Structure formats: structure tokens, C-alpha cells
$ cat final06.csv   # CSV, C-alpha atoms
chain,number,residue,atom,x,y,z
N,1,MET,CA,97.2,123.8,88.5
N,2,GLU,CA,95.1,125.8,90.9
N,3,GLY,CA,92.0,125.4,88.8
N,4,ALA,CA,88.7,125.6,90.5
N,5,CYS,CA,90.0,125.2,94.0
N,6,GLY,CA,91.6,128.6,94.0
N,7,ILE,CA,88.3,130.2,93.0
N,8,LEU,CA,85.7,128.3,95.0
N,9,GLY,CA,87.5,127.9,98.3
N,10,PHE,CA,86.7,124.6,100.0
N,11,VAL,CA,85.9,121.9,97.4
N,12,ILE,CA,85.8,118.1,97.3
N,13,ALA,CA,88.5,116.3,95.3
N,14,GLU,CA,89.6,112.7,94.9
N,15,VAL,CA,93.1,111.4,95.8
N,16,ILE,CA,94.4,109.6,92.8
N,17,ALA,CA,98.0,109.1,94.1
N,18,THR,CA,99.9,109.4,97.4
N,19,TYR,CA,103.7,109.8,97.8
N,20,GLY,CA,104.4,110.0,101.5
N,21,ARG,CA,102.7,113.3,102.6
N,22,HIS,CA,102.5,114.5,99.0
N,23,LEU,CA,99.2,114.0,97.2
N,24,LEU,CA,97.9,114.2,93.7
N,25,LEU,CA,94.2,115.2,93.6
N,26,GLN,CA,91.6,115.4,90.9
N,27,ASP,CA,88.6,117.7,91.3
N,28,ASP,CA,85.1,117.5,89.8
N,29,ALA,CA,86.2,119.5,86.7
N,30,GLY,CA,88.9,117.0,86.0
N,31,LEU,CA,91.7,119.3,87.0
N,32,ARG,CA,94.7,117.8,88.9
N,33,HIS,CA,96.4,119.4,91.8
N,34,ARG,CA,99.4,118.7,94.0
N,35,ALA,CA,98.5,118.9,97.7
N,36,ARG,CA,99.5,117.9,101.2
N,37,PRO,CA,97.5,117.2,104.4
N,38,LEU,CA,96.9,120.0,106.9
N,39,GLY,CA,98.6,118.7,110.0
N,40,ARG,CA,100.0,115.2,110.7
N,41,LYS,CA,96.9,113.4,112.0
N,42,LEU,CA,95.1,112.9,108.7
N,43,GLU,CA,95.5,109.4,107.3
N,44,ILE,CA,94.9,109.8,103.6
N,45,VAL,CA,95.1,107.0,100.9
N,46,CYS,CA,94.5,106.7,97.2
N,47,GLY,CA,90.7,106.8,96.5
N,48,ASP,CA,89.8,109.0,99.4
N,49,GLN,CA,87.4,111.9,98.8
N,50,VAL,CA,88.8,114.9,100.6
N,51,GLU,CA,88.0,118.5,101.4
N,52,CYS,CA,90.7,120.9,100.4
N,53,ALA,CA,91.4,124.6,99.9
N,54,PHE,CA,94.3,126.9,99.0
N,55,GLN,CA,96.3,128.6,101.7
N,56,GLY,CA,98.3,131.1,99.8
N,57,ALA,CA,99.9,129.2,96.9
N,58,GLU,CA,99.7,125.8,98.7
N,59,LEU,CA,96.7,123.4,98.4
N,60,LEU,CA,95.9,121.8,101.8
N,61,VAL,CA,93.6,118.9,102.6
N,62,SER,CA,91.7,119.6,105.8
N,63,ARG,CA,89.3,116.6,106.0
N,64,VAL,CA,88.8,113.1,104.7
N,65,LEU,CA,85.1,112.3,103.9
N,66,PRO,CA,83.6,109.1,105.2
N,67,ARG,CA,84.8,106.1,103.2
N,68,LYS,CA,82.3,103.8,101.5
N,69,SER,CA,84.8,101.0,101.7
N,70,PHE,CA,88.5,100.5,102.3
N,71,LEU,CA,91.2,97.9,102.0
N,72,ARG,CA,93.4,97.6,105.1
N,73,ARG,CA,96.4,95.5,106.2
N,74,THR,CA,98.3,94.9,109.4
N,75,ASN,CA,101.5,96.9,109.6
N,76,LEU,CA,104.8,95.9,111.2
N,77,ARG,CA,103.6,97.2,114.6
N,78,GLY,CA,100.5,94.9,114.5
N,79,ARG,CA,98.1,97.8,113.8
N,80,SER,CA,95.6,98.2,111.0
N,81,GLU,CA,96.3,100.7,108.3
N,82,PRO,CA,94.3,101.6,105.2
N,83,LEU,CA,95.8,101.0,101.8
N,84,VAL,CA,93.1,102.3,99.5
N,85,ALA,CA,89.6,103.6,99.8
N,86,ASN,CA,86.2,103.7,98.1
N,87,LEU,CA,86.8,100.7,95.8
N,88,THR,CA,84.3,97.9,94.9
N,89,GLN,CA,86.5,95.1,93.7
N,90,LEU,CA,89.8,93.4,94.5
N,91,ALA,CA,91.6,91.6,91.7
N,92,ILE,CA,94.5,89.4,92.8
N,93,VAL,CA,97.0,88.9,90.0
N,94,LEU,CA,99.0,85.7,89.8
N,95,ALA,CA,101.4,84.3,87.3
N,96,PRO,CA,103.5,81.1,86.7
N,97,VAL,CA,106.6,83.3,87.2
N,98,PRO,CA,107.4,84.4,89.9
N,99,ALA,CA,106.3,81.3,91.8
N,100,PRO,CA,102.8,82.0,93.1
N,101,ASP,CA,102.1,82.0,96.9
N,102,LEU,CA,98.6,80.7,97.3
N,103,PHE,CA,98.6,81.6,101.0
N,104,VAL,CA,99.0,85.3,100.1
N,105,LEU,CA,96.1,84.8,97.7
N,106,ASP,CA,93.9,83.5,100.4
N,107,ARG,CA,94.8,86.4,102.7
N,108,TYR,CA,93.7,88.8,100.0
N,109,LEU,CA,90.5,86.9,99.4
N,110,CYS,CA,89.7,87.0,103.1
N,111,THR,CA,90.3,90.7,103.2
N,112,ALA,CA,87.9,91.2,100.3
N,113,ALA,CA,85.2,89.2,102.0
N,114,SER,CA,85.7,91.2,105.3
N,115,ALA,CA,85.5,94.5,103.4
N,116,GLY,CA,82.4,93.6,101.4
N,117,LEU,CA,84.3,93.7,98.1
N,118,ALA,CA,83.8,91.6,95.0
N,119,ALA,CA,86.9,89.4,94.4
N,120,LEU,CA,88.4,87.8,91.3
N,121,ILE,CA,91.6,86.0,90.5
N,122,VAL,CA,93.6,87.0,87.5
N,123,LEU,CA,96.0,84.4,86.0
N,124,ASN,CA,98.4,86.6,84.0
N,125,LYS,CA,101.1,85.1,81.6
N,126,HIS,CA,98.8,82.2,81.0
N,127,ASP,CA,100.7,81.3,77.9
N,128,LEU,CA,103.9,80.4,79.9
N,129,ALA,CA,104.9,77.0,81.0
N,130,GLY,CA,103.5,76.3,84.4
N,131,ALA,CA,100.2,77.9,83.8
N,132,ALA,CA,98.4,74.6,83.6
N,133,ALA,CA,99.7,73.6,87.0
N,134,LEU,CA,98.7,76.9,88.5
N,135,ARG,CA,95.2,76.6,87.0
N,136,GLU,CA,94.9,73.1,88.6
N,137,ALA,CA,96.1,74.5,91.9
N,138,LEU,CA,93.3,77.1,91.8
N,139,ALA,CA,90.6,74.5,91.3
N,140,ALA,CA,89.6,74.7,95.0
N,141,HIS,CA,89.1,78.5,94.6
N,142,MET,CA,87.0,78.1,91.5
N,143,ALA,CA,84.8,75.5,93.2
N,144,LEU,CA,84.1,78.1,95.9
N,145,GLY,CA,82.8,80.5,93.2
N,146,TYR,CA,85.8,82.8,92.8
N,147,PRO,CA,86.1,83.9,89.1
N,148,LEU,CA,89.3,83.0,87.4
N,149,LEU,CA,90.3,85.2,84.4
N,150,GLU,CA,93.2,84.1,82.2
N,151,VAL,CA,95.0,86.9,80.5
N,152,ALA,CA,98.3,87.9,78.9
N,153,ALA,CA,99.6,91.4,79.1
N,154,VAL,CA,100.8,91.5,75.6
N,155,ASP,CA,98.0,93.1,73.6
N,156,GLU,CA,94.4,94.2,73.7
N,157,HIS,CA,93.1,90.7,72.8
N,158,GLY,CA,95.0,89.2,75.7
N,159,ILE,CA,93.3,91.4,78.3
N,160,ALA,CA,89.7,91.3,77.0
N,161,PRO,CA,88.3,89.2,79.8
N,162,LEU,CA,89.8,91.5,82.4
N,163,ARG,CA,88.6,94.6,80.7
N,164,ALA,CA,85.0,93.3,80.8
N,165,ALA,CA,85.3,92.4,84.5
N,166,LEU,CA,86.4,95.9,85.4
N,167,GLN,CA,83.4,97.8,83.9
N,168,ASP,CA,81.3,99.5,86.6
N,169,HIS,CA,83.9,98.8,89.3
N,170,THR,CA,86.7,100.6,91.0
N,171,THR,CA,89.2,97.8,91.2
N,172,ILE,CA,92.6,97.4,92.9
N,173,LEU,CA,95.1,95.2,91.2
N,174,ALA,CA,97.0,93.4,94.0
N,175,GLY,CA,99.6,90.7,94.2
N,176,GLN,CA,103.2,89.7,94.3
N,177,SER,CA,106.0,91.7,92.7
N,178,GLY,CA,106.7,90.8,89.1
N,179,VAL,CA,103.3,89.3,88.2
N,180,GLY,CA,102.6,92.0,85.6
N,181,LYS,CA,100.2,94.4,87.4
N,182,SER,CA,101.8,97.5,85.8
N,183,SER,CA,101.9,95.8,82.4
N,184,LEU,CA,98.2,95.2,82.6
N,185,THR,CA,97.6,98.7,83.7
N,186,LYS,CA,99.4,100.1,80.7
N,187,LEU,CA,97.1,98.2,78.4
N,188,LEU,CA,93.9,99.0,80.3
N,189,THR,CA,94.3,102.8,80.5
N,190,SER,CA,95.2,105.4,78.0
N,191,GLU,CA,96.7,107.5,80.8
N,192,ALA,CA,100.5,107.6,81.2
N,193,VAL,CA,101.3,104.9,83.7
N,194,ASP,CA,104.6,106.3,84.9
N,195,ILE,CA,103.8,109.5,86.7
N,196,ASP,CA,106.7,112.0,87.2
N,197,VAL,CA,107.4,111.1,90.8
N,198,GLY,CA,110.1,113.7,91.0
N,199,THR,CA,107.6,116.5,90.6
N,200,LEU,CA,105.6,115.3,93.6
N,201,VAL,CA,108.1,113.8,96.0
N,202,ARG,CA,111.0,115.5,97.8
N,203,ASP,CA,113.2,114.6,100.7
N,204,GLU,CA,111.1,115.0,103.8
N,205,GLU,CA,112.6,114.5,107.3
N,206,GLY,CA,115.1,112.0,105.9
N,207,ARG,CA,112.6,109.8,104.2
N,208,HIS,CA,112.0,109.3,100.5
N,209,THR,CA,109.0,107.5,99.1
N,210,THR,CA,109.4,105.8,95.8
N,211,THR,CA,106.3,103.6,95.4
N,212,ALA,CA,102.6,104.3,95.6
N,213,SER,CA,99.1,103.2,94.6
N,214,ARG,CA,97.8,105.1,91.6
N,215,LEU,CA,94.2,105.5,90.3
N,216,TYR,CA,93.5,105.3,86.6
N,217,GLU,CA,90.4,105.6,84.3
N,218,CYS,CA,90.0,102.5,82.1
N,219,GLN,CA,89.3,102.6,78.5
N,220,GLY,CA,85.8,101.0,78.1
N,221,GLY,CA,84.7,101.8,81.6
N,222,GLY,CA,85.7,101.2,85.2
N,223,ARG,CA,88.7,102.4,87.1
N,224,ILE,CA,91.8,100.6,88.4
N,225,ILE,CA,94.3,101.2,91.2
N,226,ASP,CA,97.7,99.8,90.4
N,227,SER,CA,99.4,99.0,93.8
N,228,PRO,CA,103.0,98.2,94.7
N,229,GLY,CA,103.9,94.5,94.7
N,230,VAL,CA,104.2,92.5,97.9
N,231,ARG,CA,106.1,89.5,99.2
N,232,ASP,CA,103.6,88.9,102.0
N,233,PHE,CA,100.3,90.4,103.1
N,234,ALA,CA,98.6,90.4,106.5
N,235,PRO,CA,94.9,91.4,106.7
N,236,ALA,CA,93.8,93.9,109.3
N,237,ILE,CA,92.5,91.7,112.1
N,238,ASP,CA,90.0,94.5,113.1
N,239,ASP,CA,88.2,93.8,109.8
N,240,LEU,CA,88.2,90.0,109.8
N,241,GLU,CA,85.1,88.1,110.8
N,242,PRO,CA,86.4,86.5,114.0
N,243,ALA,CA,84.6,83.1,113.6
N,244,THR,CA,85.5,82.3,110.0
N,245,LEU,CA,88.3,84.8,109.2
N,246,GLY,CA,86.7,85.3,105.7
N,247,PHE,CA,87.0,81.7,104.5
N,248,HIS,CA,83.8,80.9,102.7
N,249,GLU,CA,83.9,77.1,103.2
N,250,VAL,CA,84.5,77.5,106.9
N,251,ALA,CA,81.4,79.8,107.1
N,252,GLN,CA,79.4,77.1,105.3
N,253,LEU,CA,80.6,74.2,107.6
N,254,ALA,CA,80.8,76.0,111.0
N,255,PRO,CA,77.0,75.7,111.8
N,256,ARG,CA,77.5,71.9,111.9
N,257,CYS,CA,80.3,72.0,114.6
N,258,ARG,CA,79.5,70.7,118.1
N,259,PHE,CA,80.5,73.9,119.8
N,260,LEU,CA,79.2,77.4,118.7
N,261,ASP,CA,82.6,78.9,119.5
N,262,CYS,CA,84.6,76.3,117.6
N,263,GLN,CA,87.8,77.7,116.1
N,264,HIS,CA,88.2,74.6,113.9
N,265,MET,CA,91.7,73.8,115.2
N,266,HIS,CA,91.6,71.0,117.8
N,267,GLU,CA,88.0,71.0,119.1
N,268,PRO,CA,86.1,67.7,119.0
N,269,GLY,CA,83.1,67.4,116.8
N,270,CYS,CA,84.5,70.0,114.3
N,271,ALA,CA,82.7,69.8,111.0
N,272,VAL,CA,85.5,71.7,109.3
N,273,ARG,CA,88.2,69.2,110.3
N,274,THR,CA,85.9,66.4,109.3
N,275,ALA,CA,85.4,67.9,105.9
N,276,VAL,CA,89.2,68.1,105.5
N,277,GLU,CA,89.6,64.4,106.5
N,278,ASP,CA,86.9,63.2,104.0
N,279,GLY,CA,88.3,65.4,101.2
N,280,SER,CA,85.2,67.7,100.9
N,281,MET,CA,87.4,70.7,102.0
N,282,ASP,CA,90.7,71.4,100.3
N,283,ALA,CA,93.6,70.5,102.7
N,284,ARG,CA,95.8,73.4,101.5
N,285,ARG,CA,93.0,75.9,102.1
N,286,TYR,CA,92.5,74.4,105.6
N,287,GLU,CA,96.2,74.9,106.2
N,288,SER,CA,95.8,78.5,105.0
N,289,TYR,CA,93.0,78.9,107.5
N,290,ARG,CA,95.2,77.5,110.3
N,291,ARG,CA,98.0,79.9,109.5
N,292,MET,CA,95.5,82.8,109.5
N,293,ARG,CA,94.0,81.7,112.8
N,294,ARG,CA,97.5,81.6,114.4
N,295,LEU,CA,98.3,85.0,113.0
N,296,PHE,CA,95.0,86.4,114.2
N,297,ALA,CA,95.7,85.1,117.8
N,298,GLN,CA,99.3,86.4,117.8
N,299,LEU,CA,98.2,89.9,116.7
N,300,TRP,CA,95.2,89.9,119.0
N,301,ASP,CA,97.4,89.1,122.0
N,302,GLN,CA,99.5,92.2,121.2
N,303,ARG,CA,96.5,94.4,121.8
N,304,THR,CA,95.8,96.2,125.1
N,305,GLU,CA,93.3,94.8,127.6
N,306,ARG,CA,91.0,97.7,126.8
N,307,GLU,CA,91.1,97.0,123.0
N,308,ARG,CA,90.4,93.3,123.5
N,309,ALA,CA,87.4,94.1,125.8
N,310,ALA,CA,86.0,96.6,123.3
N,311,ARG,CA,85.9,93.9,120.5
N,312,PRO,CA,85.6,90.4,121.9
N,313,ARG,CA,86.8,87.8,119.5

$ encode --input "final06.csv" --output "C-alpha cells"
Amino acid sequence: MEGACGILGFVIAEVIATYGRHLLLQDDAGLRHRARPLGRKLEIVCGDQVECAFQGAELLVSRVLPRKSFLRRTNLRGRSEPLVANLTQLAIVLAPVPAPDLFVLDRYLCTAASAGLAALIVLNKHDLAGAAALREALAAHMALGYPLLEVAAVDEHGIAPLRAALQDHTTILAGQSGVGKSSLTKLLTSEAVDIDVGTLVRDEEGRHTTTASRLYECQGGGRIIDSPGVRDFAPAIDDLEPATLGFHEVAQLAPRCRFLDCQHMHEPGCAVRTAVEDGSMDARRYESYRRMRRLFAQLWDQRTERERAARPR
């Protein structure tokens, strides 16, 4: 698997999968290589462009090139960590089963807005009972301009709308466990979906990684990243726009508030709260904003005084 890297020395390759500190790269010639980072300070994710070279028989990554975009989340320590890099679109997959969590959906949409990514909502298993109720629950999102695609990961005809939306994009499929992301991936790409993890991952300092994001080329154009399912998702507060947290309707209403620094929680003369009261803003979306605002404040308070001074909220 050495391919061009062994001949040309330092070359640029793309990370198409990560398994702990074990990487799968693809170079410009289409050759794939197993690799690992040089040192422990490099933070490498799927989609990164990296500089690498062979050191003996081992391929080492020495540098991550600047990212054009990235998707980040807040980890258990309250810090921001990248999930994937250099994508252009975020597709959040929902299904009638398992029961959808629209608050998680909102967090993904806010993250997409903060990262400058296109966003779309994918209703998979739309032929199941409960799809009509879920479609109705998503009416507020469609009114805000978020595209809703209804698909069924059963055959080529069932995924035609999604295939068209993926062209000319590098898209991550995100969402709860069990909604059918991997089933969609199997239909969208001719590549083998189940990579031989055992050839890339070995026990390293007592830890064993079993899930990872993986980049695939789509038939018909575009590329997708299939990501592990989640039960919850917290956006990186470093990326969120502090005043609106990525909620489109809050951004539209905020200029009408009495106070420029209104956080739309308890302040008098708040146009956002007025819109909720008169029904022009969806009440569940507003509750989602309130939850995000409380989370933002909680995570912000965990930061050091120097960090808070460097980025006033």
C-alpha cells in the first residue's frame, strides 16, 4: 500500500477514516494507505487534508492542512472538539422509529449555521406508521426554509431525492442511532460500507475504538461521510453566534427587541418572546432555544477568566 508516498516523499493525502490513532488515507492517485499521526498533539479527523511521508515502513502524518470548514461538538469536559473537516453540507437523518428528538435536530441545525454549512433534513422510513406525525412536527422547520427530503432506504427509487441533493457536496449524514444512516450509505455508494476495522485497529494503551466516521464517493456525484449515531449532541460553543445561537427566526426577530444585548429569556420588550406569545414563532423551537441558551451559559461559566475575556459573549 505504499504507492506514491514511498516514492515522492512528503505528499498530501485525504483522511477517509479514523480509528483512534489509526488512519486510513487516500492520495491523489487514489491509492489508500494506513497511517498514524507523528506525535500526540495532532488532532486529525475524517475529511482532513494532511501531509505525510514514510519513515521506514511506517507512514506518518506530520501536519494537518488548514481546514475550509469543520463540524465540532462539545465533549464531556466542556471543550470543543472537531468531528469532521472540509465538508459543505450537513444532512440530519430522522425516522418515525426510533422516536425522533427534535431538540437534537435543532442543535445540529444551529451547528450547521455556525459552520457556514448547507443543511437539510432527511425523513427516512417515510413509509412507516408515524411518518405523517413527524412530517407535521417538522412544519416549523420547513417554514424556516430547511429542505425536507422523504426517503426509504430500501432501493434506488427510494433514495432518489437524497442522491440529487448530495451532488456537488461533501455531506455528513448525522443523527440518532437506528435511523438508517448506514443503510442509506450502502445504497448511495458502490464502495464496501463495512471496512475491515480489524486491519486498522489494535489495542492501544488499553483502549479499543470500534466506531468511526467514514468518507465515501457517491454514485452519481458528491461524497458522504457516514457518522456514528448519537443519543445527544452539544454544539461547540466556540462556534455558535452568541446572540442568536444559530436560530434563524431569532436572528430575524432580534433587531426588534428593546435591548441590543437581549438574550430573549426574561427581558422586557423582547420581540422573540412576543412572537412566541402571538404564535408567529413556534413554541417548541423557542423552548429549544431556551435549552440551548442555558447550555451555552453553563459551558461558558466553566471556561477560565482568560478564555472568557478573549471572546466576550

$ closest_atom_pairs --input "final06.csv" --of "segment 248-293 of chain N" --to "segment 98-107 of chain N" --cutoff "9 Å" --atoms "only C-alpha atoms" --output "Markdown table"
| residue | atom | partner | partner_atom | distance |
| --- | --- | --- | --- | --- |
| N:Arg284 | CA | N:Phe103 | CA | 8.7 |
| N:Arg285 | CA | N:Asp106 | CA | 7.8 |
| N:Glu287 | CA | N:Phe103 | CA | 8.8 |
| N:Ser288 | CA | N:Phe103 | CA | 5.8 |
| N:Tyr289 | CA | N:Asp106 | CA | 8.5 |
| N:Arg291 | CA | N:Phe103 | CA | 8.7 |
| N:Met292 | CA | N:Arg107 | CA | 7.7 |

$ residues_around --input "final06.csv" --residues "Leu94 of chain N" --least-positions-apart "5" --cutoff "12 Å" --atoms "all atoms listed in the file" --output "MDAnalysis selection string"
chainID N and resid 99:106 108 120:126 130:131 134:135 137:138 148:152 173:181 184 229:230

$ atom_distance --input "final06.csv" --atom1 "atom CA of Val97 of chain N" --atom2 "atom CA of Lys186 of chain N"
19.4 Å

$ atom_distance --input "final06.csv" --atom1 "atom CA of Glu156 of chain N" --atom2 "atom CA of Cys218 of chain N"
12.6 Å

$ atom_distance --input "final06.csv" --atom1 "atom CA of Val15 of chain N" --atom2 "atom CA of Leu83 of chain N"
12.3 Å

$ closest_residue --input "final06.csv" --among "N:Thr74, N:Cys110, N:Phe233, N:Thr18" --to "Ala251 of chain N" --atoms "only C-alpha atoms"
N:Cys110

$ closest_residue --input "final06.csv" --among "N:Pro96, N:Ile237, N:Gln302, N:Gly222" --to "Glu136 of chain N" --atoms "all atoms listed in the file"
N:Pro96

$ residues_around --input "final06.csv" --residues "Gly246 of chain N" --least-positions-apart "6" --cutoff "8 Å" --atoms "all atoms listed in the file" --output "count of residues only"
6

$ closest_residue --input "final06.csv" --among "N:Ala129, N:Leu117, N:Ala271, N:Ala13" --to "Phe259 of chain N" --atoms "only C-alpha atoms"
N:Ala271

$ closest_residue --input "final06.csv" --among "N:Arg32, N:Arg40, N:Arg231, N:His157" --to "Gly20 of chain N" --atoms "only C-alpha atoms"
N:Arg40

$ residues_around --input "final06.csv" --residues "segment 49-51 of chain N" --least-positions-apart "4" --cutoff "8 Å" --atoms "only C-alpha atoms" --output "ChimeraX atom specification"
/N:10-15,61-67

$ write_last_selection --input "final06.csv" --atoms "C-alpha atoms" --output "PDB file, in the coordinates of the input"
ATOM      1  CA  PHE N  10      86.700 124.600 100.000  1.00  0.00           C
ATOM      2  CA  VAL N  11      85.900 121.900  97.400  1.00  0.00           C
ATOM      3  CA  ILE N  12      85.800 118.100  97.300  1.00  0.00           C
ATOM      4  CA  ALA N  13      88.500 116.300  95.300  1.00  0.00           C
ATOM      5  CA  GLU N  14      89.600 112.700  94.900  1.00  0.00           C
ATOM      6  CA  VAL N  15      93.100 111.400  95.800  1.00  0.00           C
ATOM      7  CA  VAL N  61      93.600 118.900 102.600  1.00  0.00           C
ATOM      8  CA  SER N  62      91.700 119.600 105.800  1.00  0.00           C
ATOM      9  CA  ARG N  63      89.300 116.600 106.000  1.00  0.00           C
ATOM     10  CA  VAL N  64      88.800 113.100 104.700  1.00  0.00           C
ATOM     11  CA  LEU N  65      85.100 112.300 103.900  1.00  0.00           C
ATOM     12  CA  PRO N  66      83.600 109.100 105.200  1.00  0.00           C
ATOM     13  CA  ARG N  67      84.800 106.100 103.200  1.00  0.00           C
TER      14      ARG N  67
END
